[in-house]
Amino acid sequence: MAVDYDSVLQDIGQLGPWQRKLFALLWIPSAMSAMAVFMYDFTAFVPEHRCLVPLCDGANSSFDASFVNFTIPWDEDLDNFNQCEMYTPKDNSSECERMSFATNPLKQISCTDWVFDHKLIRSSAVEDYEMVCSHTWK
């Protein structure tokens with residue numbers, strides 16, 4: 001049995017107050033759930049990061065500081081500086097200079113703090129709770 005939708009629309013009307021109310025009531029929860037889904041992309045964004053080098057980094061250090069060249073090892077897989085390890089500072093070093101770090105690949109230490117790149121997103125939950133490297137379980 002075929003339904004003639006044109007005759008049904010003539011009987012009930014096309015877009016009346018009931019259809020508008022129904023649309024508004026159904027649109028609100030759909031929009032809210034969509035916001036929750038898309039918000040995850042921003043709150044869980046993992047920005048570029050590197051180790052905080054206590055000997056070199058200050059309160060206003062930038063992600064692209066020049067000392068990164070001799071304090072952070074190069075990662076061939078990332079084609080960028082390593083995000084989770086840094087070279088070990090020598091025991092008697094007190095200044096941020098090339099000679100203050102053991103650049104031997106066997107003398108790398110894991111990061112305990114990080115510096116994040118803020119070019120794309122200013123802050124995310126990953127950055128706020130430092131959920132990077134060995135701390136991704138947080």
# chains A, B, ... in the order shown; residues from 1 in each chain; ligands from 1
>>> select_by_dssp(residues="chain A", states="helix (DSSP H, G or I)", output="short mmCIF file (atom, residue, chain, number, x, y, z; two decimals) with N, CA and C atoms, in the first residue's frame")
data_model
loop_
_atom_site.label_atom_id
_atom_site.label_comp_id
_atom_site.auth_asym_id
_atom_site.auth_seq_id
_atom_site.Cartn_x
_atom_site.Cartn_y
_atom_site.Cartn_z
N TYR A 5 2.11 11.14 0.17
CA TYR A 5 2.57 12.13 1.14
C TYR A 5 2.04 13.53 0.87
N ASP A 6 1.75 13.83 -0.36
CA ASP A 6 1.18 15.15 -0.67
C ASP A 6 -0.18 15.32 0.00
N SER A 7 -0.99 14.29 -0.03
CA SER A 7 -2.31 14.40 0.61
C SER A 7 -2.18 14.44 2.14
N VAL A 8 -1.17 13.72 2.68
CA VAL A 8 -0.95 13.76 4.12
C VAL A 8 -0.53 15.17 4.55
N LEU A 9 0.38 15.80 3.80
CA LEU A 9 0.82 17.16 4.11
C LEU A 9 -0.32 18.16 4.01
N GLN A 10 -1.24 17.94 3.08
CA GLN A 10 -2.40 18.84 2.96
C GLN A 10 -3.28 18.71 4.20
N ASP A 11 -3.41 17.50 4.74
CA ASP A 11 -4.26 17.28 5.91
C ASP A 11 -3.64 17.85 7.19
N ILE A 12 -2.33 17.66 7.39
CA ILE A 12 -1.72 18.09 8.65
C ILE A 12 -1.05 19.46 8.56
N PRO A 17 3.23 25.26 14.04
CA PRO A 17 3.85 25.47 15.35
C PRO A 17 4.34 24.16 15.99
N TRP A 18 3.59 23.08 15.82
CA TRP A 18 4.00 21.80 16.40
C TRP A 18 5.33 21.32 15.79
N GLN A 19 5.47 21.41 14.48
CA GLN A 19 6.71 20.98 13.82
C GLN A 19 7.90 21.86 14.25
N ARG A 20 7.65 23.15 14.42
CA ARG A 20 8.72 24.05 14.87
C ARG A 20 9.17 23.70 16.30
N LYS A 21 8.21 23.45 17.19
CA LYS A 21 8.56 23.07 18.56
C LYS A 21 9.32 21.74 18.57
N LEU A 22 8.84 20.80 17.80
CA LEU A 22 9.49 19.50 17.73
C LEU A 22 10.91 19.63 17.19
N PHE A 23 11.08 20.44 16.17
CA PHE A 23 12.41 20.67 15.61
C PHE A 23 13.34 21.30 16.64
N ALA A 24 12.85 22.32 17.35
CA ALA A 24 13.67 23.00 18.35
C ALA A 24 14.05 22.05 19.48
N LEU A 25 13.11 21.24 19.94
CA LEU A 25 13.40 20.31 21.03
C LEU A 25 14.37 19.21 20.60
N LEU A 26 14.32 18.79 19.38
CA LEU A 26 15.23 17.74 18.90
C LEU A 26 16.58 18.32 18.46
N TRP A 27 16.60 19.58 18.07
CA TRP A 27 17.84 20.19 17.61
C TRP A 27 18.80 20.46 18.76
N ILE A 28 18.29 20.88 19.91
CA ILE A 28 19.14 21.25 21.04
C ILE A 28 20.01 20.07 21.51
N PRO A 29 19.44 18.88 21.79
CA PRO A 29 20.32 17.79 22.23
C PRO A 29 21.30 17.34 21.14
N SER A 30 20.91 17.43 19.90
CA SER A 30 21.83 17.06 18.82
C SER A 30 23.01 18.02 18.76
N ALA A 31 22.75 19.30 18.91
CA ALA A 31 23.83 20.29 18.89
C ALA A 31 24.75 20.11 20.09
N MET A 32 24.20 19.84 21.25
CA MET A 32 25.02 19.66 22.45
C MET A 32 25.92 18.43 22.33
N SER A 33 25.39 17.35 21.82
CA SER A 33 26.21 16.14 21.68
C SER A 33 27.29 16.35 20.62
N ALA A 34 27.00 17.11 19.59
CA ALA A 34 28.03 17.40 18.58
C ALA A 34 29.15 18.23 19.18
N MET A 35 28.82 19.18 20.06
CA MET A 35 29.86 19.99 20.70
C MET A 35 30.78 19.12 21.55
N ALA A 36 30.22 18.17 22.25
CA ALA A 36 31.03 17.28 23.08
C ALA A 36 31.98 16.45 22.22
N VAL A 37 31.51 16.02 21.08
CA VAL A 37 32.35 15.20 20.19
C VAL A 37 33.48 16.05 19.61
N PHE A 38 33.19 17.24 19.13
CA PHE A 38 34.21 18.07 18.51
C PHE A 38 35.13 18.74 19.53
N MET A 39 34.68 18.92 20.75
CA MET A 39 35.50 19.53 21.78
C MET A 39 36.71 18.65 22.10
N TYR A 40 36.56 17.34 21.97
CA TYR A 40 37.66 16.41 22.25
C TYR A 40 38.87 16.71 21.37
N ASP A 41 38.65 17.10 20.13
CA ASP A 41 39.76 17.42 19.23
C ASP A 41 40.63 18.55 19.76
N PHE A 42 40.05 19.46 20.49
CA PHE A 42 40.79 20.59 21.02
C PHE A 42 41.37 20.31 22.41
N THR A 43 40.60 19.65 23.26
CA THR A 43 41.09 19.40 24.61
C THR A 43 42.14 18.29 24.65
N VAL A 68 68.44 24.19 22.02
CA VAL A 68 67.86 22.86 21.74
C VAL A 68 68.83 22.04 20.88
N ASN A 69 69.59 22.70 20.03
CA ASN A 69 70.52 21.99 19.15
C ASN A 69 71.53 21.14 19.90
N PHE A 70 71.94 21.54 21.08
CA PHE A 70 72.95 20.77 21.81
C PHE A 70 72.44 20.18 23.13
N THR A 71 71.15 20.34 23.42
CA THR A 71 70.61 19.77 24.65
C THR A 71 69.62 18.64 24.40
N ARG A 98 77.31 24.47 24.96
CA ARG A 98 77.49 23.16 24.34
C ARG A 98 78.35 22.21 25.18
N MET A 99 79.38 22.71 25.78
CA MET A 99 80.31 21.87 26.54
C MET A 99 79.71 21.39 27.88
N SER A 100 78.55 21.91 28.26
CA SER A 100 77.93 21.53 29.52
C SER A 100 77.11 20.25 29.44
N ALA A 125 44.28 19.83 27.50
CA ALA A 125 44.34 18.96 28.68
C ALA A 125 45.64 18.16 28.69
N VAL A 126 46.12 17.79 27.52
CA VAL A 126 47.38 17.05 27.43
C VAL A 126 48.52 17.88 28.01
N GLU A 127 48.52 19.15 27.70
CA GLU A 127 49.56 20.04 28.23
C GLU A 127 49.35 20.32 29.72
N ASP A 128 48.14 20.62 30.10
CA ASP A 128 47.85 20.98 31.49
C ASP A 128 48.21 19.85 32.46
N CYS A 133 54.79 11.41 26.63
CA CYS A 133 55.91 10.47 26.84
C CYS A 133 55.48 9.35 27.78
N SER A 134 56.19 9.16 28.88
CA SER A 134 55.86 8.05 29.78
C SER A 134 54.66 8.38 30.68
N HIS A 135 54.10 9.58 30.56
CA HIS A 135 52.96 9.99 31.37
C HIS A 135 51.65 9.98 30.61
#
>>> residues_around(residues="Ser110 of chain A", least_positions_apart="5", cutoff="8 Å", atoms="only C-alpha atoms", output="ChimeraX atom specification")
/A:84-86
>>> closest_residue(among="A:Asp75, A:Glu130, A:Asp64, A:Asp91", to="Val46 of chain A", atoms="only C-alpha atoms")
A:Glu130
>>> closest_residue(among="A:Ala44, A:Leu15, A:Met1, A:Cys111", to="Ser123 of chain A", atoms="only C-alpha atoms")
A:Ala44
>>> select_by_dssp(residues="chain A", states="strand (DSSP E or B)", output="PyMOL selection string")
chain A and resi 49-51+74-75+80-81+85-89+101-102+108-110+114-116
